[in-house]
Amino acid sequence: MSSSPTVPTLLSHIAGPADVKALSAEQLPQLAQEIRAELIAVTAKNGGHIGPNLGVVELTIALHRVFETPTDQFVFDVAHQGYVHKLLTGRQGEFFHQLRKSGGASGFLSRAESPHDAFGAGHAGTALSAALGMATARDLRGSPEHVVAVCGDAAFTCGITLEALNNVVSSTQRLIVILNDNEWAIAKNVGAISSYLNVISTNPTYNKLHHDVEAFFKSFPAGAEMNRVYTKWKRETKDFFVESSLFEKFGLRYLGPVDGHDLDALIKNLEFAKHCDVPVLIHVLTKKGKGLDAAIEYPEKFHGAAPYHPVTGQSVPTAVGTPLNYQDVFGAALTRFAQADPKILGITGAMPSGTGLSRLAEEVPAQFFDVGIAEEHAVLFAAGLATKGFRPVCAIYSTFLQRAYDQVIHDVCLQNLPVTFCLDRAGLSPNDGPTHHGLFDLAYLRCVPNATVMQPKDEDEFVDMLHTALHLPGPGFIRYPRGAGPGATIKATPAQLTIGQAEILREGTQLIIWALGSMVPDALQLADQLAHDEGWSVGVVNARFIKPLDRTLLLKQAATASLIVTMEDHVLAGGFGSAVLEALQEADYLTPVERIGWPDKFVEHGSNVAILRAAYNLAPADIARRVKDRYRRVQVSASGPR
Ligand SMILES: Cc1ncc(C[n+]2csc(CCOP(=O)(O)OP(=O)(O)O)c2C)c(N)n1
């Protein structure tokens with residue numbers, strides 16, 4: 001199905017939205033087909049959010065037929081379904097072929113990437129609020145442009161979307177909301193709103209009404225006449241709608257459900273909405289993965305897929321002997337613990353497979369909760385459960401826990417409730433980029449009283465930490481990186497770790513490296529290199545705990561060592577190295593500290609961790625050079641006056 005560069009296609013002539021408008025209506029299905037082929041060809045090679053994008057091909061073409069970006073503005077929720085929009089706004093060719101790779105298109109929309117990207121995203125549930133702000137700003141300054149929010153059905157499981165919905169009519173009379181309903185989040189969508197959408201999608205009364213509306217408008221052209229038609233229609237149908245649609249109760253005119261793959265119906269509804277003098281919600285039904293059989297059959301796998309065969313959808317096999325991903329280690333360990341203790345519960349915000357909790361869902365379903373994309377609720381819900389003697393485990397990516405920060409402080413830590421937090425994707429998420437890197441969690445957790453914060457060096461220690469956290473009297477946070485660990489064997493019975501005790505991996509006297517979690521292998525390698533190149537005596541410590549820090553060991557080592565080096569996969573500001581500096585300073589130690597970590601910048605997406613590290617002078621050779629330079633400087637200044 002992949003498109004050959006030698007065959008001229010309609011898509012290859014699309015340099016921007018004007019070219020989409022220049023096509024005849026009859027050419028649009030071919031354009032849709034070519035876009036699907038391109039999406040599959042590129043994501044089969046690079047990985048990416050193929051399912052959501054295959055579902056919005058016609059919708060995105062229709063949007064660009066009816067509206068004029070960048071004057072009109074589209075705000076896509078999560079923005080993972082923005083590939084089609086990229087292809088239609090001058091970003092096809094090599095830039096798109098390098099999707100999610102260094103120098104190529106981002107996997108999300110970004111204001112920095114194109115003027116056609118009105119609002120950047122990567123986290124769910126932000127589109128309606130942002131679009132409402134933009135529409136209100138437009139009203140305040142009196143400009144004519146249209147603002148369109150494109151929200152998935154799962155966006156309506158987010159508190160922010162509902163908060164925005166509550167404010168639409170009091171903020172503007174002109175906003176278009178597309179509800180792109182494919183019944184799936186990453187997994188099957190959950191909760192009462194999802195059930196409600198299902199009812200209105202399948203209820204024959206609504207469908208009848210939809211057909212009535214279709215028939216009613218058929219005889220009228222688009223344009224000024226629409227307003228007259230609309231006013232009449234509003235008068236005639238108002239009572240029915242007010243009684244019937246949840247969205248009408250929020251003051252939005254509900255249109256739909258509309259077949260999201262019927263270009264004609266989509267264009268007609270968008271044209272109509274464009275002329276409405278009230279906020280409008282168009283309920284569009286789409287098929288996630290349309291055009292790739294495997295993606296339809298396995299929507300969860302193809303929501304965001306690793307590279308796959310473009311025809312069969314088969315994943316590229318992992319090499320024999322590749323260690324398990326941390327999420328699988330977590331899923332297996334938690335399931336084992338939960339089977340032995342009915343008080344242990346697993347909670348996810350719409351990420352059962354990404355977090356590894358799907359294993360718990362399969363094997364111990366009564367102890368598993370998917371609350372939808374609702375991290376704030378997930379944490380509060382866990383707090384409530386903990387008050388009754390349960391041991392809830394919130395499995396939330398580091399980046400998504402940012403959303404539930406107040407609940408972490410106000411509800412869990414302030415009340416010292418024993419909730420365990422498992423923060424996957426702590427560190428870089430290279431292909432996804434800045435919206436998904438987990439680089440801030442230590443800074444935002446380290447300052448919260450009652451929090452115990454840890455990071456394991458390998459899979460076995462991770463299971464020990466999970467076991468330990470489940471026996472804490474208060475909240476425990478475990479952060480671990482995306483992907484596989486070093487492949488340690490997991491012992492049959494987990495160990496109870498001593499809180500706040502680091503582990504000495506290698507004794508040394510001149511220079512001591514304090515490494516955190518995933519940086520431990522780098523630290524050992526660095527120690528080898530320094531010993532080999534310079535003959536220095538280098539110690540290595542696996543910090544294990546960021547909070548409480550092992551001050552006793554740190555001060556003991558700092559009393560004699562010439563330099564402490566800290567290594568973390570986190571921003572330097574407020575991170576692990578900062579904790580070490582604070583501890584030394586508070587004890588009046590002047591021992592120099594060289595901190596290795598990420599700078600005060602939003603790190604872009606890239607092909608892999610190694611490339612991004614090299615771009616920020618954090619490749620192993622860069623680190624070795626820095627540490628050698630610093631140690632030499634320290635030696636020189638130590639010989640002079642202090
Ligand atoms: C705050 C937050 N939590 C979790 C995610 C992970 N996530 C990305 S897309 C997605 C599902 C989106 O579903 P929907 O909005 O219905 O769009 P679809 O992919 O079905 O088009 C989830 C849970 C996220 N991006 N942001």
# chains A, B, ... in the order shown; residues from 1 in each chain; ligands from 1
>>> closest_atom_pairs(of="segment 418-456 of chain A", to="segment 321-327 of chain A", cutoff="12 Å", atoms="only C-alpha atoms", output="Markdown table")
| residue | atom | partner | partner_atom | distance |
| --- | --- | --- | --- | --- |
| A:Cys422 | CA | A:Gln327 | CA | 9.6 |
| A:Leu423 | CA | A:Gln327 | CA | 9.8 |
| A:Asp424 | CA | A:Gln327 | CA | 7.1 |
| A:Arg425 | CA | A:Tyr326 | CA | 9.2 |
| A:Ala426 | CA | A:Tyr326 | CA | 11.0 |
| A:Pro456 | CA | A:Tyr326 | CA | 10.6 |
>>> write_last_selection(atoms="C-alpha atoms", output="short mmCIF file (atom, residue, chain, number, x, y, z; two decimals), in the first residue's frame")
data_model
loop_
_atom_site.label_atom_id
_atom_site.label_comp_id
_atom_site.auth_asym_id
_atom_site.auth_seq_id
_atom_site.Cartn_x
_atom_site.Cartn_y
_atom_site.Cartn_z
CA CYS A 422 4.71 3.82 39.90
CA LEU A 423 6.03 6.40 37.47
CA ASP A 424 6.95 4.77 34.19
CA ARG A 425 8.73 6.73 31.41
CA ALA A 426 10.81 8.66 33.95
CA PRO A 456 15.92 1.25 41.01
#
>>> select_by_dssp(residues="segment 365-600 of chain A", states="helix (DSSP H, G or I)", output="MDAnalysis selection string")
chainID A and resid 365:367 375:387 398:413 441:446 459:469 517:534 551:558 576:586
>>> residues_near_ligand(ligand="ligand 1", cutoff="9 Å", atoms="only C-alpha atoms and all ligand atoms", output="PyMOL selection string")
chain A and resi 49+51-53+55-56+77-81+121-126+151-158+179-189+286+288+303-304+349-351+354+372-375+396-397+399-403+435-436
>>> select_by_dssp(residues="segment 323-386 of chain A", states="strand (DSSP E)", output="list in words")
Ile344, Leu345, Gly346, Ile347, Thr348, Phe368, Phe369 and Asp370 of chain A
>>> write_last_selection(atoms="all heavy atoms", output="mmCIF file, in the first residue's frame")
data_model
loop_
_atom_site.group_PDB
_atom_site.id
_atom_site.type_symbol
_atom_site.label_atom_id
_atom_site.label_comp_id
_atom_site.auth_asym_id
_atom_site.auth_seq_id
_atom_site.Cartn_x
_atom_site.Cartn_y
_atom_site.Cartn_z
ATOM 1 N N ILE A 344 -4.378 -5.045 47.835
ATOM 2 C CA ILE A 344 -3.560 -4.340 46.833
ATOM 3 C C ILE A 344 -4.387 -4.136 45.567
ATOM 4 O O ILE A 344 -4.950 -5.081 45.014
ATOM 5 C CB ILE A 344 -2.272 -5.138 46.541
ATOM 6 C CG1 ILE A 344 -1.387 -5.143 47.797
ATOM 7 C CG2 ILE A 344 -1.521 -4.546 45.352
ATOM 8 C CD1 ILE A 344 -0.132 -5.969 47.678
ATOM 9 N N LEU A 345 -4.474 -2.869 45.144
ATOM 10 C CA LEU A 345 -5.297 -2.509 43.989
ATOM 11 C C LEU A 345 -4.437 -1.761 42.971
ATOM 12 O O LEU A 345 -3.566 -0.980 43.356
ATOM 13 C CB LEU A 345 -6.449 -1.599 44.421
ATOM 14 C CG LEU A 345 -7.299 -2.073 45.609
ATOM 15 C CD1 LEU A 345 -8.275 -0.974 46.037
ATOM 16 C CD2 LEU A 345 -8.062 -3.352 45.249
ATOM 17 N N GLY A 346 -4.714 -1.966 41.697
ATOM 18 C CA GLY A 346 -3.991 -1.243 40.641
ATOM 19 C C GLY A 346 -4.926 -0.252 39.960
ATOM 20 O O GLY A 346 -6.059 -0.592 39.621
ATOM 21 N N ILE A 347 -4.432 0.979 39.756
ATOM 22 C CA ILE A 347 -5.263 2.023 39.149
ATOM 23 C C ILE A 347 -4.514 2.629 37.967
ATOM 24 O O ILE A 347 -3.344 3.003 38.086
ATOM 25 C CB ILE A 347 -5.572 3.142 40.172
ATOM 26 C CG1 ILE A 347 -6.269 2.547 41.394
ATOM 27 C CG2 ILE A 347 -6.437 4.242 39.544
ATOM 28 C CD1 ILE A 347 -6.359 3.498 42.571
ATOM 29 N N THR A 348 -5.207 2.749 36.838
ATOM 30 C CA THR A 348 -4.610 3.425 35.688
ATOM 31 C C THR A 348 -5.553 4.486 35.144
ATOM 32 O O THR A 348 -6.771 4.350 35.248
ATOM 33 C CB THR A 348 -4.269 2.427 34.552
ATOM 34 O OG1 THR A 348 -3.778 3.170 33.428
ATOM 35 C CG2 THR A 348 -5.477 1.640 34.077
ATOM 36 N N PHE A 368 -8.505 -4.263 39.831
ATOM 37 C CA PHE A 368 -8.002 -3.369 38.779
ATOM 38 C C PHE A 368 -9.041 -2.293 38.458
ATOM 39 O O PHE A 368 -10.237 -2.579 38.360
ATOM 40 C CB PHE A 368 -7.712 -4.185 37.516
ATOM 41 C CG PHE A 368 -7.538 -3.337 36.282
ATOM 42 C CD1 PHE A 368 -6.334 -2.691 36.028
ATOM 43 C CD2 PHE A 368 -8.586 -3.168 35.370
ATOM 44 C CE1 PHE A 368 -6.178 -1.900 34.898
ATOM 45 C CE2 PHE A 368 -8.429 -2.378 34.239
ATOM 46 C CZ PHE A 368 -7.224 -1.745 33.999
ATOM 47 N N PHE A 369 -8.570 -1.049 38.294
ATOM 48 C CA PHE A 369 -9.465 0.062 37.946
ATOM 49 C C PHE A 369 -8.853 0.901 36.823
ATOM 50 O O PHE A 369 -7.743 1.406 36.966
ATOM 51 C CB PHE A 369 -9.698 0.975 39.157
ATOM 52 C CG PHE A 369 -10.382 0.281 40.300
ATOM 53 C CD1 PHE A 369 -9.641 -0.403 41.256
ATOM 54 C CD2 PHE A 369 -11.770 0.288 40.408
ATOM 55 C CE1 PHE A 369 -10.263 -1.077 42.298
ATOM 56 C CE2 PHE A 369 -12.403 -0.371 41.451
ATOM 57 C CZ PHE A 369 -11.643 -1.057 42.406
ATOM 58 N N ASP A 370 -9.605 1.048 35.734
ATOM 59 C CA ASP A 370 -9.246 2.027 34.699
ATOM 60 C C ASP A 370 -10.246 3.164 34.828
ATOM 61 O O ASP A 370 -11.447 2.975 34.589
ATOM 62 C CB ASP A 370 -9.332 1.385 33.306
ATOM 63 C CG ASP A 370 -8.978 2.368 32.189
ATOM 64 O OD1 ASP A 370 -8.811 3.574 32.480
ATOM 65 O OD2 ASP A 370 -8.871 1.932 31.025
#
>>> atom_distance(atom1="atom CA of Gln367 of chain A", atom2="atom CA of Arg336 of chain A")
11.9 Å
>>> residues_around(residues="Ala615 of chain A", least_positions_apart="4", cutoff="12 Å", atoms="only C-alpha atoms", output="JSON list (two decimals) with N, CA and C atoms, in the first residue's frame")
[["chain", "number", "residue", "atom", "x", "y", "z"],
["A", 102, "SER", "N", 15.07, 12.38, 14.74],
["A", 102, "SER", "CA", 15.81, 13.65, 14.87],
["A", 102, "SER", "C", 15.71, 14.45, 13.57],
["A", 103, "GLY", "N", 15.32, 15.71, 13.69],
["A", 103, "GLY", "CA", 15.23, 16.58, 12.52],
["A", 103, "GLY", "C", 13.95, 16.43, 11.73],
["A", 598, "TRP", "N", 19.99, 16.87, 32.86],
["A", 598, "TRP", "CA", 19.48, 17.65, 31.72],
["A", 598, "TRP", "C", 19.42, 19.14, 32.06],
["A", 599, "PRO", "N", 19.72, 19.99, 31.08],
["A", 599, "PRO", "CA", 19.75, 21.43, 31.34],
["A", 599, "PRO", "C", 18.35, 22.03, 31.45],
["A", 603, "VAL", "N", 13.63, 19.51, 26.12],
["A", 603, "VAL", "CA", 14.41, 18.67, 25.19],
["A", 603, "VAL", "C", 13.48, 18.20, 24.06],
["A", 604, "GLU", "N", 13.93, 18.39, 22.82],
["A", 604, "GLU", "CA", 13.10, 18.05, 21.67],
["A", 604, "GLU", "C", 12.96, 16.53, 21.50],
["A", 605, "HIS", "N", 12.18, 16.10, 20.48],
["A", 605, "HIS", "CA", 12.12, 14.67, 20.19],
["A", 605, "HIS", "C", 13.37, 14.28, 19.40],
["A", 606, "GLY", "N", 13.64, 13.00, 19.34],
["A", 606, "GLY", "CA", 14.83, 12.54, 18.61],
["A", 606, "GLY", "C", 14.73, 11.05, 18.33],
["A", 607, "SER", "N", 15.63, 10.58, 17.49],
["A", 607, "SER", "CA", 15.55, 9.18, 17.05],
["A", 607, "SER", "C", 15.75, 8.21, 18.20],
["A", 608, "ASN", "N", 16.63, 8.55, 19.12],
["A", 608, "ASN", "CA", 16.85, 7.67, 20.26],
["A", 608, "ASN", "C", 17.56, 8.45, 21.38],
["A", 609, "VAL", "N", 17.71, 7.79, 22.52],
["A", 609, "VAL", "CA", 18.30, 8.45, 23.70],
["A", 609, "VAL", "C", 19.73, 8.88, 23.41],
["A", 610, "ALA", "N", 20.49, 8.01, 22.73],
["A", 610, "ALA", "CA", 21.91, 8.32, 22.51],
["A", 610, "ALA", "C", 22.06, 9.61, 21.71],
["A", 611, "ILE", "N", 21.24, 9.78, 20.70],
["A", 611, "ILE", "CA", 21.35, 10.98, 19.86],
["A", 611, "ILE", "C", 21.01, 12.23, 20.68],
["A", 619, "ALA", "N", 26.65, 12.58, 26.18],
["A", 619, "ALA", "CA", 27.12, 11.26, 25.75],
["A", 619, "ALA", "C", 28.21, 10.82, 26.73],
["A", 620, "PRO", "N", 28.43, 9.51, 26.88],
["A", 620, "PRO", "CA", 29.44, 9.04, 27.84],
["A", 620, "PRO", "C", 30.79, 9.73, 27.68],
["A", 622, "ASP", "N", 31.36, 12.75, 26.54],
["A", 622, "ASP", "CA", 31.24, 14.15, 27.03],
["A", 622, "ASP", "C", 31.32, 14.18, 28.55]]
>>> residues_around(residues="segment 555-564 of chain A", least_positions_apart="5", cutoff="7 Å", atoms="only C-alpha atoms", output="ChimeraX atom specification")
/A:509-513,584,591-594,631
>>> closest_residue(among="A:Asp139, A:Glu297, A:Asp458, A:Glu34", to="Leu88 of chain A", atoms="only C-alpha atoms")
A:Glu34
>>> residues_around(residues="Leu266 of chain A", least_positions_apart="5", cutoff="10 Å", atoms="only C-alpha atoms", output="VMD selection string")
chain A and resid 58 to 63 66 256 258 to 261 271 to 272 282 284
>>> closest_atom_pairs(of="segment 561-609 of chain A", to="segment 521-530 of chain A", cutoff="12 Å", atoms="only C-alpha atoms", output="Markdown table")
| residue | atom | partner | partner_atom | distance |
| --- | --- | --- | --- | --- |
| A:Val565 | CA | A:Ala523 | CA | 9.3 |
| A:Thr566 | CA | A:Ala523 | CA | 9.1 |
| A:Met567 | CA | A:Ala523 | CA | 7.4 |
| A:Glu568 | CA | A:Ala523 | CA | 10.0 |
| A:Asp569 | CA | A:Asp522 | CA | 11.0 |
| A:Ile596 | CA | A:Ala523 | CA | 10.6 |
>>> residues_around(residues="segment 337-341 of chain A", least_positions_apart="6", cutoff="9 Å", atoms="only C-alpha atoms", output="count of residues only")
5
>>> closest_residue(among="A:Pro342, A:Gly476, A:Pro307, A:Gly191", to="Val393 of chain A", atoms="only C-alpha atoms")
A:Gly476
>>> closest_residue(among="A:Leu572, A:Val280, A:Ile14, A:Val84", to="Leu175 of chain A", atoms="only C-alpha atoms")
A:Val280
>>> closest_residue(among="A:Leu380, A:Leu23, A:Leu334, A:Ile40", to="Ala361 of chain A", atoms="only C-alpha atoms")
A:Leu334
>>> atom_distance(atom1="atom CA of Lys547 of chain A", atom2="atom CA of Glu459 of chain A")
20.1 Å
